[in-house]
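Worksheet for the structure shown next.
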Amino acid sequence: MMTSAEARNGTQSGYRILNEVDLRNYLAGIPSVAGQLGGPAERWSITEVGDGNLNLVFIVKGSSGGLAVKQALPYVRLVGESWPLPLSRAHYEHLALTHQNRLAPGLVPAIVHHDPALALTAMELLEPHIIMRKGLVAGTTYPAFVDHITTFMARTLFFSSDLALSAAEKKEAIASFAGNHALCKITEDLIFTDPYRIAEQNRWTSPWLDATAADIRGDLDLHVAISRLKLKFLSCAEALIHGDLHTGSIMVTDTETKVIDPEFAFYGPMGFDVGAVLANLLMAYFASEGHEQRAGEREHFEGWVLAAVDEVWNGFADKFLALWRSEATGDAYPRSLFPGEAGAARLETERRAYVARLFQDAIGFTAAKIIRRILGLAHNIDFELIEDAKRRATCEVRALRLARSLMVETTTFTTIGAVTRAARELRHWQPGL
């Protein structure tokens, strides 16, 4: 078994990259897993389906059931062996899933087996769920999503914060994730730095966005704003954040939502997770026109997405405040300092001011996530599957225009309604590419 030191450092004895034959033999030797799959191992179907940036993912099915098996690679899959990455991220992902299962039961996949030495986790197979981003590209709406994602964010963020934990518990929790700095470094570079400078791995829809990319590289107001957000990401250990909460890390049906892939988890600013969800919904909104076969055919979908943006923030804020009112057992804001009716009223005012500051953080991070997905290394299919490059660039530059406003003029957006109004106004703006 991997030692705690190996987990922290990402050096694991006994590690090997598994192919389908290796995985079949390995799983057959684990009675609990083999029993859940059912039937003889030689009849199991095993398919490698990983389409993400980092890992191998296998779907394994037997006569009695199925599993998803994820194995970390010692490098960034998107780039190759030239970009090494510690295997310890599998340890932090397992740790995060364990916490999230406890804090938000039913909203993350159940863990069936974890092997630290192989950096491998077998978990509940989510069927008939699909990656939410793929559904959004197709114009599908998900009626249960808002309630589920706001519950997930409110509970995982509140119950891992100083509002719910003692100072000692919080410090120990921070320490348990502090070694995940290699994944944090990816975020620090790819989201907060590279899109704003010349970087080898940057890419965009050229030549249509060449001038826009150059403008952003020369925009010092934007550079100050993103640097402030980066400093908050580096220094503000508010709660256990998922760290990569985009629509490619959410699997959905009409009635269920499951959050997956928390390998970027660490103690950071709450607004980063909330902003990631808002950003991905806004990008789905701006990309929607590029997927139309006939003008206006996705009007219902676009209305649902913008409504979801409003409801995600409002639902999260309401649930977070409700938890603070009823579950505040942490060392922050001790009730003894706010006695009587006057104290209770003053504390409620402070709660709302806290959430207002969190909103400002969230929309700043929303902007950062939009910009990185259009001008940085890792893009998303919302835009990438728009075949006509000029049409794609038109959708992208509208999103970038909103992102700049959100980041540089953050204080002028005091409500989520102001954000969605600005998005709606930009939906028909013609940038003259």
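Note on naming: chains are A, B, ... as they come in the structure tokens, residues start from 1 per chain, ligands start from 1 in the order shown.
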Shell around Ala276 of chain A at 10 Å using only C-alpha atoms, local window under 6 positions removed, as a PyMOL selection string
chain A and resi 242-247+282+362-363+365-370
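Restricting the calculation to only C-alpha atoms, the smallest distance between Ser288 of chain A and any of A:Trp208, A:Phe383, A:Tyr267, A:Tyr354 is found for A:Phe383.
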Can you tell me which residues surround segment 41-52 of chain A at a distance of at most 12 Å, considering only C-alpha atoms, apart from same-chain residues fewer than 3 positions away, and format the answer as an NGL selection string?
:A and (18-31 or 33-38 or 55-73 or 76-79 or 131 or 248-249 or 260-261 or 378-381)
Using only C-alpha atoms: which of A:Leu231, A:Ile186, A:Val277, A:Ile17 has the shortest distance to Val312 of chain A:
A:Val277
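You can rank A:Met251, A:Ala213, A:Ala284, A:Met270 by their closest distance to Ala239 of chain A using only C-alpha atoms, and at the top of that list sits A:Met270.
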